Amino acid sequence: MGNQIGKTKDVGFQFGIRRTIHVSTEKVWDFLFSSNGLKIWLGKLMNELELKKEFETEEGITAFVRVFKPNSHIRLNWKLKTWKNMTTVQIRVIGNETKTTIAIHQEKLLNLHQRNEMKEYWGGVIEKLTNKIAGK
């Protein structure tokens with residue numbers, strides 16, 4: 001069979017989504033890490049979000065913060081409660097004072113099923129985030 005959508009040579013399956021809104025990068029970043037923003041893209045935290053520390057959400061997501069660069073990006077080891085495998089999720093904000101792109105990328109997904117599951121998940125997340133930040 002030929003190449004499968006989202007299949008990489010080295011990191012299994014991957015998925016990425018991006019959305020641009022007319023808001024400053026700083027405002028987008030601040031919202032992402034506010035309690036309201038975190039609930040949208042991560043869930044309700046059961047412990048603090050700290051660099052090089054594992055944490056869990058009430059929704060059953062387990063994660064570990066690998067990289068945290070303010071106003072730029074966060075990279076996490078990330079897994080859903082029902083999964084056996086750990087994936088890598090990166091959320092990046094790219095822009096300036098007038099417009100910002102939110103880019104979400106996930107790799108090390110096991111298969112097309114997980115990729116499709118995350119396509120739906122992150123699609124909903126980015127829609128909620130951009131609507132909230134843009135004040136819709």
# chains A, B, ... in the order shown; residues from 1 in each chain; ligands from 1
$ select_by_dssp --residues "segment 58-136 of chain A" --states "strand (DSSP E or B)" --output "PyMOL selection string"
chain A and resi 62-69+73-79+87-95+100-109
$ residues_around --residues "Ile74 of chain A" --least-positions-apart "3" --cutoff "12 Å" --atoms "only C-alpha atoms" --output "MDAnalysis selection string"
chainID A and resid 29 32:33 49:52 63:71 77:78 88:93 102:106
$ write_last_selection --atoms "N, CA and C atoms" --output "PDB file, in the first residue's frame"
ATOM      1  N   TRP A  29      -1.184  34.018  23.888  1.00  0.00           N
ATOM      2  CA  TRP A  29      -0.404  33.213  24.832  1.00  0.00           C
ATOM      3  C   TRP A  29      -0.994  33.307  26.243  1.00  0.00           C
ATOM      4  N   LEU A  32      -4.100  31.194  26.436  1.00  0.00           N
ATOM      5  CA  LEU A  32      -3.809  29.754  26.427  1.00  0.00           C
ATOM      6  C   LEU A  32      -3.469  29.232  27.817  1.00  0.00           C
ATOM      7  N   PHE A  33      -2.765  30.059  28.601  1.00  0.00           N
ATOM      8  CA  PHE A  33      -2.312  29.609  29.916  1.00  0.00           C
ATOM      9  C   PHE A  33      -3.124  30.185  31.071  1.00  0.00           C
ATOM     10  N   LEU A  49       0.946  22.948  36.309  1.00  0.00           N
ATOM     11  CA  LEU A  49       1.648  22.796  35.045  1.00  0.00           C
ATOM     12  C   LEU A  49       3.046  23.372  35.253  1.00  0.00           C
ATOM     13  N   GLU A  50       4.059  22.485  35.323  1.00  0.00           N
ATOM     14  CA  GLU A  50       5.431  22.923  35.581  1.00  0.00           C
ATOM     15  C   GLU A  50       6.389  22.221  34.636  1.00  0.00           C
ATOM     16  N   LEU A  51       7.459  22.925  34.271  1.00  0.00           N
ATOM     17  CA  LEU A  51       8.486  22.363  33.409  1.00  0.00           C
ATOM     18  C   LEU A  51       9.112  21.132  34.054  1.00  0.00           C
ATOM     19  N   LYS A  52       9.285  20.089  33.258  1.00  0.00           N
ATOM     20  CA  LYS A  52       9.916  18.821  33.681  1.00  0.00           C
ATOM     21  C   LYS A  52       9.149  18.099  34.784  1.00  0.00           C
ATOM     22  N   ALA A  63       0.363  14.102  31.137  1.00  0.00           N
ATOM     23  CA  ALA A  63       1.342  14.808  30.310  1.00  0.00           C
ATOM     24  C   ALA A  63       2.563  15.194  31.136  1.00  0.00           C
ATOM     25  N   PHE A  64       3.611  15.576  30.411  1.00  0.00           N
ATOM     26  CA  PHE A  64       4.874  15.979  31.002  1.00  0.00           C
ATOM     27  C   PHE A  64       5.381  17.140  30.162  1.00  0.00           C
ATOM     28  N   VAL A  65       5.653  18.279  30.796  1.00  0.00           N
ATOM     29  CA  VAL A  65       6.105  19.466  30.068  1.00  0.00           C
ATOM     30  C   VAL A  65       7.598  19.333  29.760  1.00  0.00           C
ATOM     31  N   ARG A  66       7.936  19.231  28.480  1.00  0.00           N
ATOM     32  CA  ARG A  66       9.338  19.096  28.067  1.00  0.00           C
ATOM     33  C   ARG A  66       9.973  20.444  27.775  1.00  0.00           C
ATOM     34  N   VAL A  67       9.222  21.336  27.108  1.00  0.00           N
ATOM     35  CA  VAL A  67       9.741  22.650  26.748  1.00  0.00           C
ATOM     36  C   VAL A  67       8.650  23.678  27.005  1.00  0.00           C
ATOM     37  N   PHE A  68       9.037  24.813  27.586  1.00  0.00           N
ATOM     38  CA  PHE A  68       8.104  25.916  27.802  1.00  0.00           C
ATOM     39  C   PHE A  68       8.840  27.219  27.515  1.00  0.00           C
ATOM     40  N   LYS A  69       8.515  27.838  26.397  1.00  0.00           N
ATOM     41  CA  LYS A  69       9.126  29.118  26.013  1.00  0.00           C
ATOM     42  C   LYS A  69       8.012  30.148  25.937  1.00  0.00           C
ATOM     43  N   PRO A  70       7.897  31.036  26.945  1.00  0.00           N
ATOM     44  CA  PRO A  70       6.801  32.015  26.975  1.00  0.00           C
ATOM     45  C   PRO A  70       6.669  32.798  25.672  1.00  0.00           C
ATOM     46  N   ASN A  71       5.429  33.015  25.288  1.00  0.00           N
ATOM     47  CA  ASN A  71       5.069  33.725  24.053  1.00  0.00           C
ATOM     48  C   ASN A  71       5.602  33.057  22.789  1.00  0.00           C
ATOM     49  N   ASN A  77       4.949  15.682  26.454  1.00  0.00           N
ATOM     50  CA  ASN A  77       4.633  14.267  26.266  1.00  0.00           C
ATOM     51  C   ASN A  77       3.173  14.196  26.706  1.00  0.00           C
ATOM     52  N   TRP A  78       2.293  13.543  25.950  1.00  0.00           N
ATOM     53  CA  TRP A  78       0.857  13.677  26.157  1.00  0.00           C
ATOM     54  C   TRP A  78       0.151  12.378  25.809  1.00  0.00           C
ATOM     55  N   THR A  88       3.758  13.217  21.358  1.00  0.00           N
ATOM     56  CA  THR A  88       4.341  14.539  21.569  1.00  0.00           C
ATOM     57  C   THR A  88       3.376  15.568  20.992  1.00  0.00           C
ATOM     58  N   VAL A  89       3.033  16.559  21.811  1.00  0.00           N
ATOM     59  CA  VAL A  89       2.170  17.659  21.363  1.00  0.00           C
ATOM     60  C   VAL A  89       2.961  18.951  21.510  1.00  0.00           C
ATOM     61  N   GLN A  90       2.908  19.781  20.466  1.00  0.00           N
ATOM     62  CA  GLN A  90       3.509  21.108  20.549  1.00  0.00           C
ATOM     63  C   GLN A  90       2.454  22.134  20.164  1.00  0.00           C
ATOM     64  N   ILE A  91       2.344  23.165  20.984  1.00  0.00           N
ATOM     65  CA  ILE A  91       1.471  24.292  20.672  1.00  0.00           C
ATOM     66  C   ILE A  91       2.365  25.509  20.554  1.00  0.00           C
ATOM     67  N   ARG A  92       2.241  26.182  19.415  1.00  0.00           N
ATOM     68  CA  ARG A  92       3.100  27.322  19.111  1.00  0.00           C
ATOM     69  C   ARG A  92       2.233  28.515  18.748  1.00  0.00           C
ATOM     70  N   VAL A  93       2.662  29.706  19.194  1.00  0.00           N
ATOM     71  CA  VAL A  93       2.011  30.942  18.754  1.00  0.00           C
ATOM     72  C   VAL A  93       3.028  31.728  17.938  1.00  0.00           C
ATOM     73  N   ILE A 102      -2.103  30.225  15.790  1.00  0.00           N
ATOM     74  CA  ILE A 102      -1.980  29.155  16.787  1.00  0.00           C
ATOM     75  C   ILE A 102      -1.745  27.884  15.980  1.00  0.00           C
ATOM     76  N   ALA A 103      -0.626  27.213  16.258  1.00  0.00           N
ATOM     77  CA  ALA A 103      -0.292  25.983  15.544  1.00  0.00           C
ATOM     78  C   ALA A 103      -0.201  24.844  16.555  1.00  0.00           C
ATOM     79  N   ILE A 104      -0.947  23.788  16.308  1.00  0.00           N
ATOM     80  CA  ILE A 104      -0.924  22.611  17.177  1.00  0.00           C
ATOM     81  C   ILE A 104      -0.424  21.446  16.331  1.00  0.00           C
ATOM     82  N   HIS A 105       0.576  20.752  16.852  1.00  0.00           N
ATOM     83  CA  HIS A 105       1.154  19.627  16.119  1.00  0.00           C
ATOM     84  C   HIS A 105       1.321  18.457  17.078  1.00  0.00           C
ATOM     85  N   GLN A 106       0.923  17.269  16.622  1.00  0.00           N
ATOM     86  CA  GLN A 106       1.058  16.070  17.444  1.00  0.00           C
ATOM     87  C   GLN A 106       1.695  14.972  16.616  1.00  0.00           C
TER      88      GLN A 106
END
$ residues_around --residues "Asn131 of chain A" --least-positions-apart "6" --cutoff "12 Å" --atoms "only C-alpha atoms" --output "PDB file with N, CA and C atoms, in the first residue's frame"
ATOM      1  N   ARG A  19      -4.524  28.010  12.955  1.00  0.00           N
ATOM      2  CA  ARG A  19      -5.567  29.019  12.738  1.00  0.00           C
ATOM      3  C   ARG A  19      -4.976  30.378  13.057  1.00  0.00           C
ATOM      4  N   THR A  20      -5.301  31.360  12.236  1.00  0.00           N
ATOM      5  CA  THR A  20      -4.803  32.719  12.448  1.00  0.00           C
ATOM      6  C   THR A  20      -5.947  33.626  12.866  1.00  0.00           C
ATOM      7  N   ILE A  21      -5.689  34.441  13.895  1.00  0.00           N
ATOM      8  CA  ILE A  21      -6.688  35.408  14.359  1.00  0.00           C
ATOM      9  C   ILE A  21      -6.024  36.776  14.502  1.00  0.00           C
ATOM     10  N   HIS A  22      -6.846  37.806  14.452  1.00  0.00           N
ATOM     11  CA  HIS A  22      -6.336  39.179  14.507  1.00  0.00           C
ATOM     12  C   HIS A  22      -6.268  39.675  15.948  1.00  0.00           C
ATOM     13  N   VAL A  23      -5.336  39.104  16.687  1.00  0.00           N
ATOM     14  CA  VAL A  23      -5.088  39.422  18.092  1.00  0.00           C
ATOM     15  C   VAL A  23      -3.585  39.301  18.308  1.00  0.00           C
ATOM     16  N   VAL A  28      -2.877  36.063  22.935  1.00  0.00           N
ATOM     17  CA  VAL A  28      -3.180  34.658  22.661  1.00  0.00           C
ATOM     18  C   VAL A  28      -2.467  33.764  23.679  1.00  0.00           C
ATOM     19  N   PHE A  31      -4.014  33.940  27.116  1.00  0.00           N
ATOM     20  CA  PHE A  31      -5.274  33.197  27.209  1.00  0.00           C
ATOM     21  C   PHE A  31      -5.024  31.695  27.258  1.00  0.00           C
ATOM     22  N   GLY A  37      -8.370  29.121  29.320  1.00  0.00           N
ATOM     23  CA  GLY A  37      -7.669  28.604  28.145  1.00  0.00           C
ATOM     24  C   GLY A  37      -7.186  27.179  28.351  1.00  0.00           C
ATOM     25  N   ILE A  40      -9.771  24.538  27.965  1.00  0.00           N
ATOM     26  CA  ILE A  40     -10.158  24.246  26.577  1.00  0.00           C
ATOM     27  C   ILE A  40      -9.180  23.275  25.921  1.00  0.00           C
ATOM     28  N   GLY A 124     -11.764  20.716  17.266  1.00  0.00           N
ATOM     29  CA  GLY A 124     -12.704  21.320  18.209  1.00  0.00           C
ATOM     30  C   GLY A 124     -12.019  22.292  19.146  1.00  0.00           C
ATOM     31  N   VAL A 125     -10.831  21.919  19.609  1.00  0.00           N
ATOM     32  CA  VAL A 125     -10.068  22.776  20.531  1.00  0.00           C
ATOM     33  C   VAL A 125      -9.719  24.105  19.866  1.00  0.00           C
TER      34      VAL A 125
END
$ closest_residue --among "A:Gln14, A:Thr57, A:Thr25, A:Thr100" --to "His113 of chain A" --atoms "only C-alpha atoms"
A:Gln14
$ select_by_dssp --residues "chain A" --states "alpha helix (DSSP H)" --output "number ranges by chain"
A: 25-32, 35-41, 112-133
$ write_last_selection --atoms "N, CA and C atoms" --output "mmCIF file, in the first residue's frame"
data_model
loop_
_atom_site.group_PDB
_atom_site.id
_atom_site.type_symbol
_atom_site.label_atom_id
_atom_site.label_comp_id
_atom_site.auth_asym_id
_atom_site.auth_seq_id
_atom_site.Cartn_x
_atom_site.Cartn_y
_atom_site.Cartn_z
ATOM 1 N N THR A 25 0.081 38.268 19.729
ATOM 2 C CA THR A 25 0.647 37.005 20.199
ATOM 3 C C THR A 25 0.603 36.918 21.720
ATOM 4 N N GLU A 26 0.929 38.007 22.381
ATOM 5 C CA GLU A 26 0.932 38.028 23.844
ATOM 6 C C GLU A 26 -0.461 37.737 24.415
ATOM 7 N N LYS A 27 -1.482 38.329 23.812
ATOM 8 C CA LYS A 27 -2.858 38.103 24.284
ATOM 9 C C LYS A 27 -3.253 36.631 24.086
ATOM 10 N N VAL A 28 -2.877 36.063 22.935
ATOM 11 C CA VAL A 28 -3.180 34.658 22.661
ATOM 12 C C VAL A 28 -2.467 33.764 23.679
ATOM 13 N N TRP A 29 -1.184 34.018 23.888
ATOM 14 C CA TRP A 29 -0.404 33.213 24.832
ATOM 15 C C TRP A 29 -0.994 33.307 26.243
ATOM 16 N N ASP A 30 -1.307 34.519 26.669
ATOM 17 C CA ASP A 30 -1.875 34.712 28.008
ATOM 18 C C ASP A 30 -3.187 33.945 28.169
ATOM 19 N N PHE A 31 -4.014 33.940 27.116
ATOM 20 C CA PHE A 31 -5.274 33.197 27.209
ATOM 21 C C PHE A 31 -5.024 31.695 27.258
ATOM 22 N N LEU A 32 -4.100 31.194 26.436
ATOM 23 C CA LEU A 32 -3.809 29.754 26.427
ATOM 24 C C LEU A 32 -3.469 29.232 27.817
ATOM 25 N N SER A 35 -6.715 29.988 33.286
ATOM 26 C CA SER A 35 -7.484 28.790 33.669
ATOM 27 C C SER A 35 -8.534 28.458 32.605
ATOM 28 N N ASN A 36 -9.172 29.467 32.008
ATOM 29 C CA ASN A 36 -10.159 29.210 30.956
ATOM 30 C C ASN A 36 -9.516 28.606 29.714
ATOM 31 N N GLY A 37 -8.370 29.121 29.320
ATOM 32 C CA GLY A 37 -7.669 28.604 28.145
ATOM 33 C C GLY A 37 -7.186 27.179 28.351
ATOM 34 N N LEU A 38 -6.576 26.923 29.503
ATOM 35 C CA LEU A 38 -6.082 25.575 29.810
ATOM 36 C C LEU A 38 -7.210 24.552 29.782
ATOM 37 N N LYS A 39 -8.378 24.919 30.322
ATOM 38 C CA LYS A 39 -9.524 23.998 30.322
ATOM 39 C C LYS A 39 -9.906 23.598 28.902
ATOM 40 N N ILE A 40 -9.771 24.538 27.965
ATOM 41 C CA ILE A 40 -10.158 24.246 26.577
ATOM 42 C C ILE A 40 -9.180 23.275 25.921
ATOM 43 N N TRP A 41 -7.880 23.541 26.002
ATOM 44 C CA TRP A 41 -6.942 22.703 25.243
ATOM 45 C C TRP A 41 -6.322 21.565 26.032
ATOM 46 N N LEU A 112 -3.734 5.409 11.989
ATOM 47 C CA LEU A 112 -4.672 6.332 11.360
ATOM 48 C C LEU A 112 -5.868 6.609 12.270
ATOM 49 N N HIS A 113 -6.302 5.605 13.022
ATOM 50 C CA HIS A 113 -7.422 5.789 13.951
ATOM 51 C C HIS A 113 -7.093 6.865 14.988
ATOM 52 N N GLN A 114 -5.909 6.772 15.610
ATOM 53 C CA GLN A 114 -5.509 7.792 16.595
ATOM 54 C C GLN A 114 -5.384 9.152 15.925
ATOM 55 N N ARG A 115 -4.847 9.176 14.711
ATOM 56 C CA ARG A 115 -4.698 10.443 13.997
ATOM 57 C C ARG A 115 -6.070 11.080 13.765
ATOM 58 N N ASN A 116 -7.029 10.288 13.321
ATOM 59 C CA ASN A 116 -8.377 10.813 13.079
ATOM 60 C C ASN A 116 -9.041 11.283 14.367
ATOM 61 N N GLU A 117 -8.810 10.541 15.451
ATOM 62 C CA GLU A 117 -9.326 10.928 16.770
ATOM 63 C C GLU A 117 -8.766 12.304 17.170
ATOM 64 N N MET A 118 -7.470 12.501 16.942
ATOM 65 C CA MET A 118 -6.834 13.767 17.310
ATOM 66 C C MET A 118 -7.189 14.893 16.345
ATOM 67 N N LYS A 119 -7.442 14.562 15.101
ATOM 68 C CA LYS A 119 -7.882 15.566 14.136
ATOM 69 C C LYS A 119 -9.207 16.166 14.616
ATOM 70 N N GLU A 120 -10.109 15.323 15.063
ATOM 71 C CA GLU A 120 -11.399 15.789 15.578
ATOM 72 C C GLU A 120 -11.211 16.565 16.891
ATOM 73 N N TYR A 121 -10.395 16.013 17.791
ATOM 74 C CA TYR A 121 -10.145 16.643 19.093
ATOM 75 C C TYR A 121 -9.543 18.043 18.932
ATOM 76 N N TRP A 122 -8.413 18.129 18.225
ATOM 77 C CA TRP A 122 -7.723 19.416 18.079
ATOM 78 C C TRP A 122 -8.509 20.384 17.201
ATOM 79 N N GLY A 123 -9.284 19.859 16.257
ATOM 80 C CA GLY A 123 -10.150 20.720 15.448
ATOM 81 C C GLY A 123 -11.157 21.450 16.328
ATOM 82 N N GLY A 124 -11.764 20.716 17.266
ATOM 83 C CA GLY A 124 -12.704 21.320 18.209
ATOM 84 C C GLY A 124 -12.019 22.292 19.146
ATOM 85 N N VAL A 125 -10.831 21.919 19.609
ATOM 86 C CA VAL A 125 -10.068 22.776 20.531
ATOM 87 C C VAL A 125 -9.719 24.105 19.866
ATOM 88 N N ILE A 126 -9.187 24.055 18.658
ATOM 89 C CA ILE A 126 -8.734 25.290 18.009
ATOM 90 C C ILE A 126 -9.919 26.191 17.676
ATOM 91 N N GLU A 127 -11.053 25.581 17.365
ATOM 92 C CA GLU A 127 -12.275 26.346 17.095
ATOM 93 C C GLU A 127 -12.711 27.098 18.362
ATOM 94 N N LYS A 128 -12.748 26.387 19.489
ATOM 95 C CA LYS A 128 -13.145 27.010 20.769
ATOM 96 C C LYS A 128 -12.157 28.099 21.178
ATOM 97 N N LEU A 129 -10.866 27.807 21.063
ATOM 98 C CA LEU A 129 -9.846 28.793 21.437
ATOM 99 C C LEU A 129 -9.960 30.071 20.627
ATOM 100 N N THR A 130 -10.012 29.924 19.302
ATOM 101 C CA THR A 130 -10.028 31.115 18.460
ATOM 102 C C THR A 130 -11.324 31.915 18.656
ATOM 103 N N ASN A 131 -12.447 31.233 18.835
ATOM 104 C CA ASN A 131 -13.703 31.951 19.093
ATOM 105 C C ASN A 131 -13.648 32.708 20.406
ATOM 106 N N LYS A 132 -13.125 32.087 21.451
ATOM 107 C CA LYS A 132 -13.017 32.728 22.772
ATOM 108 C C LYS A 132 -12.086 33.928 22.719
ATOM 109 N N ILE A 133 -10.910 33.726 22.128
ATOM 110 C CA ILE A 133 -9.901 34.800 22.084
ATOM 111 C C ILE A 133 -10.405 35.968 21.236
#
$ residues_around --residues "Lys7 of chain A" --least-positions-apart "5" --cutoff "10 Å" --atoms "only C-alpha atoms" --output "JSON, numbers by chain"
{"A": [12, 13, 14, 15, 107, 108, 109, 110, 111, 112, 115]}
$ write_last_selection --atoms "N, CA and C atoms" --output "compact mmCIF listing (two decimals), in the first residue's frame"
# COMPACT_ATOMS: atom_id res chain seq x y z
N GLY A 12 5.97 7.88 13.54
CA GLY A 12 4.62 7.33 13.45
C GLY A 12 3.70 8.26 12.69
N PHE A 13 2.47 8.31 13.12
CA PHE A 13 1.51 9.20 12.49
C PHE A 13 1.56 10.56 13.18
N GLN A 14 1.18 11.60 12.43
CA GLN A 14 1.19 12.95 12.99
C GLN A 14 -0.04 13.70 12.51
N PHE A 15 -0.35 14.78 13.20
CA PHE A 15 -1.44 15.66 12.80
C PHE A 15 -1.09 17.08 13.18
N GLU A 107 2.67 14.30 17.22
CA GLU A 107 3.34 13.19 16.53
C GLU A 107 3.46 11.99 17.46
N LYS A 108 3.93 10.89 16.90
CA LYS A 108 4.05 9.60 17.60
C LYS A 108 2.69 8.97 17.85
N LEU A 109 1.72 9.29 16.99
CA LEU A 109 0.42 8.63 17.05
C LEU A 109 0.60 7.23 16.48
N LEU A 110 -0.10 6.25 17.03
CA LEU A 110 0.10 4.85 16.64
C LEU A 110 -0.38 4.51 15.25
N ASN A 111 -1.52 5.10 14.86
CA ASN A 111 -2.15 4.66 13.62
C ASN A 111 -3.10 5.73 13.09
N LEU A 112 -3.73 5.41 11.99
CA LEU A 112 -4.67 6.33 11.36
C LEU A 112 -5.87 6.61 12.27
N ARG A 115 -4.85 9.18 14.71
CA ARG A 115 -4.70 10.44 14.00
C ARG A 115 -6.07 11.08 13.76
$ atom_distance --atom1 "atom CA of Lys53 of chain A" --atom2 "atom CA of Met86 of chain A"
14.9 Å
$ atom_distance --atom1 "atom CA of Asn96 of chain A" --atom2 "atom CA of Leu42 of chain A"
24.5 Å
$ atom_distance --atom1 "atom CA of Gly43 of chain A" --atom2 "atom CA of Lys84 of chain A"
19.3 Å
$ residues_around --residues "Glu56 of chain A" --least-positions-apart "2" --cutoff "8 Å" --atoms "only C-alpha atoms" --output "list in words"
Leu45, Met46, Asn47, Glu54, Glu58, Gly60, Ile61, Thr62 and Ala63 of chain A
